[in-house]
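Enquirer: input-v3.pdb (PDB, C-alpha atoms and all ligand atoms) pasted underneath:
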ATOM      1  CA  MET A   1     -32.638 -12.501 -45.209  1.00  0.00           C
ATOM      2  CA  ILE A   2     -32.263 -13.747 -41.666  1.00  0.00           C
ATOM      3  CA  VAL A   3     -29.767 -12.169 -39.316  1.00  0.00           C
ATOM      4  CA  ILE A   4     -28.260 -14.396 -36.630  1.00  0.00           C
ATOM      5  CA  GLY A   5     -26.032 -13.909 -33.624  1.00  0.00           C
ATOM      6  CA  SER A   6     -24.843 -15.575 -30.462  1.00  0.00           C
ATOM      7  CA  ASP A   7     -22.409 -15.347 -27.607  1.00  0.00           C
ATOM      8  CA  HIS A   8     -19.935 -18.118 -26.791  1.00  0.00           C
ATOM      9  CA  GLY A   9     -22.691 -20.091 -25.011  1.00  0.00           C
ATOM     10  CA  GLY A  10     -24.728 -20.205 -28.190  1.00  0.00           C
ATOM     11  CA  TYR A  11     -21.977 -20.377 -30.773  1.00  0.00           C
ATOM     12  CA  GLU A  12     -22.245 -24.075 -31.661  1.00  0.00           C
ATOM     13  CA  LEU A  13     -26.008 -23.954 -32.018  1.00  0.00           C
ATOM     14  CA  LYS A  14     -25.785 -20.747 -34.060  1.00  0.00           C
ATOM     15  CA  GLU A  15     -23.462 -22.525 -36.480  1.00  0.00           C
ATOM     16  CA  ALA A  16     -25.886 -25.448 -36.773  1.00  0.00           C
ATOM     17  CA  ILE A  17     -28.772 -23.052 -37.406  1.00  0.00           C
ATOM     18  CA  LYS A  18     -26.742 -21.204 -40.025  1.00  0.00           C
ATOM     19  CA  ALA A  19     -26.144 -24.499 -41.842  1.00  0.00           C
ATOM     20  CA  LEU A  20     -29.857 -25.327 -41.652  1.00  0.00           C
ATOM     21  CA  LEU A  21     -30.850 -21.937 -43.073  1.00  0.00           C
ATOM     22  CA  GLN A  22     -28.288 -22.127 -45.848  1.00  0.00           C
ATOM     23  CA  ALA A  23     -29.507 -25.625 -46.727  1.00  0.00           C
ATOM     24  CA  ARG A  24     -32.951 -24.063 -47.092  1.00  0.00           C
ATOM     25  CA  SER A  25     -31.469 -21.432 -49.446  1.00  0.00           C
ATOM     26  CA  VAL A  26     -32.105 -18.641 -46.959  1.00  0.00           C
ATOM     27  CA  THR A  27     -29.645 -15.746 -47.116  1.00  0.00           C
ATOM     28  CA  VAL A  28     -27.976 -15.519 -43.702  1.00  0.00           C
ATOM     29  CA  LEU A  29     -26.180 -12.553 -42.190  1.00  0.00           C
ATOM     30  CA  ASP A  30     -24.084 -13.860 -39.299  1.00  0.00           C
ATOM     31  CA  LEU A  31     -23.124 -11.049 -36.918  1.00  0.00           C
ATOM     32  CA  GLY A  32     -21.011 -13.293 -34.672  1.00  0.00           C
ATOM     33  CA  THR A  33     -19.647 -14.303 -32.358  1.00  0.00           C
ATOM     34  CA  SER A  34     -17.061 -15.981 -34.552  1.00  0.00           C
ATOM     35  CA  ASN A  35     -15.857 -18.698 -32.185  1.00  0.00           C
ATOM     36  CA  GLY A  36     -17.026 -20.543 -29.121  1.00  0.00           C
ATOM     37  CA  GLY A  37     -13.747 -20.303 -27.251  1.00  0.00           C
ATOM     38  CA  ASP A  38     -13.633 -16.658 -26.272  1.00  0.00           C
ATOM     39  CA  SER A  39     -15.969 -15.356 -23.613  1.00  0.00           C
ATOM     40  CA  VAL A  40     -17.997 -12.444 -25.003  1.00  0.00           C
ATOM     41  CA  ASP A  41     -20.938 -10.380 -23.780  1.00  0.00           C
ATOM     42  CA  TYR A  42     -24.360 -11.419 -25.070  1.00  0.00           C
ATOM     43  CA  PRO A  43     -25.750  -7.831 -25.080  1.00  0.00           C
ATOM     44  CA  ASP A  44     -23.289  -6.875 -27.840  1.00  0.00           C
ATOM     45  CA  PHE A  45     -24.567  -9.548 -30.215  1.00  0.00           C
ATOM     46  CA  GLY A  46     -28.182  -9.239 -29.144  1.00  0.00           C
ATOM     47  CA  GLU A  47     -27.989  -5.538 -29.898  1.00  0.00           C
ATOM     48  CA  SER A  48     -26.525  -6.053 -33.384  1.00  0.00           C
ATOM     49  CA  VAL A  49     -29.227  -8.481 -34.433  1.00  0.00           C
ATOM     50  CA  ALA A  50     -32.157  -6.706 -32.784  1.00  0.00           C
ATOM     51  CA  ARG A  51     -31.127  -3.316 -34.184  1.00  0.00           C
ATOM     52  CA  LYS A  52     -31.248  -4.680 -37.743  1.00  0.00           C
ATOM     53  CA  VAL A  53     -34.703  -6.152 -37.209  1.00  0.00           C
ATOM     54  CA  SER A  54     -35.941  -3.029 -35.442  1.00  0.00           C
ATOM     55  CA  LEU A  55     -34.749  -0.823 -38.321  1.00  0.00           C
ATOM     56  CA  GLY A  56     -36.315  -3.120 -40.917  1.00  0.00           C
ATOM     57  CA  GLU A  57     -32.913  -4.031 -42.369  1.00  0.00           C
ATOM     58  CA  ALA A  58     -33.700  -7.699 -41.731  1.00  0.00           C
ATOM     59  CA  GLU A  59     -37.140  -9.234 -41.601  1.00  0.00           C
ATOM     60  CA  LYS A  60     -36.242 -11.910 -39.060  1.00  0.00           C
ATOM     61  CA  GLY A  61     -33.483 -12.886 -36.672  1.00  0.00           C
ATOM     62  CA  VAL A  62     -32.289 -15.763 -34.543  1.00  0.00           C
ATOM     63  CA  LEU A  63     -30.356 -15.218 -31.318  1.00  0.00           C
ATOM     64  CA  VAL A  64     -28.658 -17.863 -29.196  1.00  0.00           C
ATOM     65  CA  CYS A  65     -26.938 -17.608 -25.817  1.00  0.00           C
ATOM     66  CA  GLY A  66     -26.534 -20.216 -23.082  1.00  0.00           C
ATOM     67  CA  THR A  67     -30.119 -20.129 -21.873  1.00  0.00           C
ATOM     68  CA  GLY A  68     -31.638 -17.635 -24.312  1.00  0.00           C
ATOM     69  CA  ILE A  69     -32.672 -15.466 -21.375  1.00  0.00           C
ATOM     70  CA  GLY A  70     -30.096 -12.716 -21.755  1.00  0.00           C
ATOM     71  CA  MET A  71     -30.602 -12.430 -25.499  1.00  0.00           C
ATOM     72  CA  SER A  72     -34.373 -12.140 -25.127  1.00  0.00           C
ATOM     73  CA  ILE A  73     -34.014  -9.411 -22.495  1.00  0.00           C
ATOM     74  CA  VAL A  74     -31.754  -7.374 -24.804  1.00  0.00           C
ATOM     75  CA  ALA A  75     -33.690  -7.909 -28.015  1.00  0.00           C
ATOM     76  CA  ASN A  76     -37.024  -6.898 -26.526  1.00  0.00           C
ATOM     77  CA  LYS A  77     -35.652  -3.441 -25.680  1.00  0.00           C
ATOM     78  CA  PHE A  78     -35.827  -2.569 -29.382  1.00  0.00           C
ATOM     79  CA  PRO A  79     -39.014  -1.054 -30.799  1.00  0.00           C
ATOM     80  CA  GLY A  80     -40.812  -3.355 -33.173  1.00  0.00           C
ATOM     81  CA  VAL A  81     -38.907  -6.395 -32.016  1.00  0.00           C
ATOM     82  CA  ARG A  82     -40.943  -9.337 -30.808  1.00  0.00           C
ATOM     83  CA  ALA A  83     -38.292 -11.740 -29.561  1.00  0.00           C
ATOM     84  CA  ALA A  84     -39.616 -15.097 -28.368  1.00  0.00           C
ATOM     85  CA  LEU A  85     -37.598 -17.391 -26.135  1.00  0.00           C
ATOM     86  CA  ALA A  86     -38.781 -20.884 -27.052  1.00  0.00           C
ATOM     87  CA  ALA A  87     -38.080 -24.103 -25.188  1.00  0.00           C
ATOM     88  CA  ASP A  88     -39.666 -26.618 -27.542  1.00  0.00           C
ATOM     89  CA  ILE A  89     -41.204 -27.039 -30.988  1.00  0.00           C
ATOM     90  CA  TYR A  90     -44.674 -26.099 -29.769  1.00  0.00           C
ATOM     91  CA  MET A  91     -43.450 -22.785 -28.374  1.00  0.00           C
ATOM     92  CA  ALA A  92     -41.458 -22.028 -31.528  1.00  0.00           C
ATOM     93  CA  LYS A  93     -44.551 -22.613 -33.656  1.00  0.00           C
ATOM     94  CA  MET A  94     -46.822 -20.588 -31.380  1.00  0.00           C
ATOM     95  CA  ALA A  95     -44.278 -17.767 -31.378  1.00  0.00           C
ATOM     96  CA  LYS A  96     -45.211 -17.238 -35.022  1.00  0.00           C
ATOM     97  CA  LEU A  97     -48.893 -18.253 -34.982  1.00  0.00           C
ATOM     98  CA  HIS A  98     -49.930 -16.008 -32.088  1.00  0.00           C
ATOM     99  CA  ASN A  99     -47.042 -13.597 -31.445  1.00  0.00           C
ATOM    100  CA  ASN A 100     -45.660 -13.077 -34.952  1.00  0.00           C
ATOM    101  CA  ALA A 101     -42.219 -13.168 -33.345  1.00  0.00           C
ATOM    102  CA  ASN A 102     -39.629 -11.616 -35.628  1.00  0.00           C
ATOM    103  CA  ILE A 103     -36.731 -12.943 -33.559  1.00  0.00           C
ATOM    104  CA  LEU A 104     -36.533 -16.510 -32.281  1.00  0.00           C
ATOM    105  CA  VAL A 105     -34.322 -16.901 -29.215  1.00  0.00           C
ATOM    106  CA  LEU A 106     -32.832 -20.240 -28.224  1.00  0.00           C
ATOM    107  CA  GLY A 107     -30.634 -21.588 -25.451  1.00  0.00           C
ATOM    108  CA  GLY A 108     -27.559 -23.359 -26.731  1.00  0.00           C
ATOM    109  CA  ARG A 109     -26.868 -25.013 -23.388  1.00  0.00           C
ATOM    110  CA  VAL A 110     -30.385 -26.265 -22.774  1.00  0.00           C
ATOM    111  CA  LEU A 111     -31.552 -27.549 -26.162  1.00  0.00           C
ATOM    112  CA  ASP A 112     -30.667 -30.603 -28.174  1.00  0.00           C
ATOM    113  CA  GLU A 113     -29.202 -29.373 -31.477  1.00  0.00           C
ATOM    114  CA  ASN A 114     -31.534 -31.391 -33.691  1.00  0.00           C
ATOM    115  CA  GLU A 115     -34.602 -30.277 -31.763  1.00  0.00           C
ATOM    116  CA  ALA A 116     -33.427 -26.664 -31.894  1.00  0.00           C
ATOM    117  CA  CYS A 117     -33.122 -26.881 -35.679  1.00  0.00           C
ATOM    118  CA  GLU A 118     -36.631 -28.342 -35.857  1.00  0.00           C
ATOM    119  CA  MET A 119     -37.791 -25.400 -33.748  1.00  0.00           C
ATOM    120  CA  VAL A 120     -36.302 -22.935 -36.223  1.00  0.00           C
ATOM    121  CA  ALA A 121     -37.995 -24.779 -39.084  1.00  0.00           C
ATOM    122  CA  ALA A 122     -41.347 -24.810 -37.233  1.00  0.00           C
ATOM    123  CA  TRP A 123     -41.103 -21.058 -36.613  1.00  0.00           C
ATOM    124  CA  LEU A 124     -40.206 -20.323 -40.250  1.00  0.00           C
ATOM    125  CA  ASP A 125     -42.844 -22.627 -41.694  1.00  0.00           C
ATOM    126  CA  SER A 126     -45.714 -21.271 -39.595  1.00  0.00           C
ATOM    127  CA  THR A 127     -47.934 -18.338 -40.488  1.00  0.00           C
ATOM    128  CA  PHE A 128     -49.197 -15.617 -38.159  1.00  0.00           C
ATOM    129  CA  GLU A 129     -52.914 -16.071 -37.540  1.00  0.00           C
ATOM    130  CA  GLY A 130     -53.713 -12.355 -37.301  1.00  0.00           C
ATOM    131  CA  GLY A 131     -57.239 -11.439 -36.152  1.00  0.00           C
ATOM    132  CA  ARG A 132     -57.465 -11.212 -32.365  1.00  0.00           C
ATOM    133  CA  HIS A 133     -53.721 -11.804 -32.162  1.00  0.00           C
ATOM    134  CA  GLN A 134     -53.050  -8.746 -34.342  1.00  0.00           C
ATOM    135  CA  ALA A 135     -55.211  -6.693 -31.996  1.00  0.00           C
ATOM    136  CA  ARG A 136     -52.980  -7.800 -29.116  1.00  0.00           C
ATOM    137  CA  LEU A 137     -49.831  -6.920 -31.017  1.00  0.00           C
ATOM    138  CA  ASP A 138     -51.377  -3.523 -31.753  1.00  0.00           C
ATOM    139  CA  LYS A 139     -51.646  -2.978 -28.005  1.00  0.00           C
ATOM    140  CA  ILE A 140     -47.938  -3.716 -27.652  1.00  0.00           C
ATOM    141  CA  SER A 141     -47.148  -1.257 -30.466  1.00  0.00           C
ATOM    142  CA  ALA A 142     -49.257   1.392 -28.730  1.00  0.00           C
ATOM    143  CA  LEU A 143     -47.304   0.788 -25.517  1.00  0.00           C
ATOM    144  CA  GLU A 144     -44.032   1.219 -27.384  1.00  0.00           C
ATOM    145  CA  LYS A 145     -45.235   4.516 -28.844  1.00  0.00           C
ATOM    146  CA  GLU A 146     -46.141   5.759 -25.377  1.00  0.00           C
ATOM    147  CA  LEU A 147     -43.007   4.514 -23.618  1.00  0.00           C
ATOM    148  CA  TYR A 148     -40.416   5.465 -26.246  1.00  0.00           C
ATOM    149  CA  LYS A 149     -41.779   8.852 -27.353  1.00  0.00           C
TER
HETATM  150  C1  LIG B 201     -22.779 -16.871 -20.592  1.00  0.00           C
HETATM  151  O1  LIG B 201     -22.067 -17.588 -19.646  1.00  0.00           O
HETATM  152  C2  LIG B 201     -24.286 -16.908 -20.267  1.00  0.00           C
HETATM  153  O2  LIG B 201     -24.542 -16.132 -19.154  1.00  0.00           O
HETATM  154  C3  LIG B 201     -25.082 -16.440 -21.454  1.00  0.00           C
HETATM  155  O3  LIG B 201     -24.801 -17.252 -22.553  1.00  0.00           O
HETATM  156  C4  LIG B 201     -26.595 -16.468 -21.313  1.00  0.00           C
HETATM  157  O4  LIG B 201     -27.040 -17.710 -20.878  1.00  0.00           O
HETATM  158  C5  LIG B 201     -27.207 -15.346 -20.595  1.00  0.00           C
HETATM  159  O5  LIG B 201     -28.424 -15.237 -20.441  1.00  0.00           O
END
As a first step, turn the structure in this file into structure tokens.

Expert:
Amino acid sequence: MIVIGSDHGGYELKEAIKALLQARSVTVLDLGTSNGGDSVDYPDFGESVARKVSLGEAEKGVLVCGTGIGMSIVANKFPGVRAALAADIYMAKMAKLHNNANILVLGGRVLDENEACEMVAAWLDSTFEGGRHQARLDKISALEKELYK
């Protein structure tokens, strides 16, 4: 199951990503926003998605706002969340290979819709390399334990 969310700036791309995921037979939980016309606050939707991933209620998430910046700031407040703001297919792929990102963050106002969908596919279809990259993620987990105790 993949949980997705956006603000108004990411609404259209979120809808396109939802269609892509459903076409791939992925179960999608869409936490809003439910239209692109009303101005909403990205922290509300970033929180909903990141909380589910942080609690283990969803394995992965996708967040979209205008630039992706606000959503990535919010999502990375949550323990266990590794939210990666990607700008191209290479970054989306590396977000999984090296960072094992469990949330992919995209900018609806800066990405071409087709390329953004290819980025989601590249992230989903890649496999974390582990090894030295796991050791680096372990350091991040240790930091979280220290900072959030
Ligand atoms: C909304 O106008 C915009 O600020 C938001 O979508 C996002 O880009 C914030 O980082």

Enquirer: For a test of reading the model, state the distance in Å between CA of Met119 in chain A and CA of Arg132 in chain A, rounded to one decimal.

Expert: 24.3 Å

Enquirer: For ligand LIG 201 (chain B), list the contacting residues at 10 Å or closer, counting only C-alpha atoms and all ligand atoms, as a PyMOL selection string.

Expert: chain A and resi 6-11+39-43+64-74+106-110

Enquirer: Which residue out of A:Phe128, A:Pro79, A:Val120, A:Leu29 has the minimum interatomic distance to Glu146 in chain A when only C-alpha atoms are used?

Expert: A:Pro79

Enquirer: Counting only C-alpha atoms, which of A:Glu59, A:Glu12, A:Glu129, A:Glu144 gets nearest to Phe78 in chain A?

Expert: A:Glu144

Enquirer: As an exercise, work out the distance from CA of Ser48 in chain A to CA of Lys139 in chain A in Å and give it to one decimal place.

Expert: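 Those two atoms sit 25.9 Å apart.
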
Enquirer: For a test of reading the model, state the distance in Å between CA of Gly37 in chain A and CA of Ala16 in chain A, rounded to one decimal.

Expert: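 One can read the CA of Gly37 in chain A to CA of Ala16 in chain A distance as 16.3 Å.
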
Enquirer: Looking at all atoms listed in the file, which of A:Lys145, A:Ala95, A:Asn76, A:Glu47 is the one that sits closest to Asp125 in chain A?

Expert: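 Under the stated criterion, the closest residue is A:Ala95.
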
Enquirer: With all atoms listed in the file as the counted atoms, please give the residues lying no more than 9 Å from Leu55 in chain A, apart from itself and same-chain residues fewer than 4 positions off, as a VMD selection string.

Expert: chain A and resid 50 to 51 79 to 80

Enquirer: Which residue gives the smallest distance to Ala122 in chain A among A:Lys18, A:Lys60, A:Lys93, A:Lys77, with all atoms listed in the file counted?

Expert: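 Of the candidates, the smallest distance to Ala122 in chain A is held by A:Lys93.
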
Enquirer: Which residue out of A:Ile140, A:Ala75, A:Met91, A:Ala116 has the minimum interatomic distance to Glu15 in chain A when all atoms listed in the file are used?

Expert: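 Selected residue with least distance to Glu15 in chain A: A:Ala116.
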
Enquirer: Need the axis-aligned box for range 3-17 of chain A with 6 Å each side, so what are the centre and edges in Å to one decimal, as AutoDock Vina command-line options?

Expert:
--center_x -24.9 --center_y -18.8 --center_z -32.2 --size_x 21.8 --size_y 25.3 --size_z 26.3

Enquirer: Can you list, as a PyMOL selection string, the residues that the PyMOL selection byres (((chain A and resi 103) around 6) and not hetatm) selects here?

Expert: chain A and resi 60-62+83+101-102+104

Enquirer: Could you check the closest approach to Ala19 in chain A for each of A:Leu63, A:Ser126, A:Ile4, A:Asn99 and tell me which residue wins, using all atoms listed in the file?

Expert: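 Result for the nearest residue to Ala19 in chain A: A:Ile4.
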
Enquirer: So that I can check the surroundings of Met1 in chain A, please list as a count of residues only every protein, DNA and RNA residue that reaches within 7 Å of it, counting all atoms listed in the file and ignoring chain neighbours fewer than 4 positions away.

Expert: 5
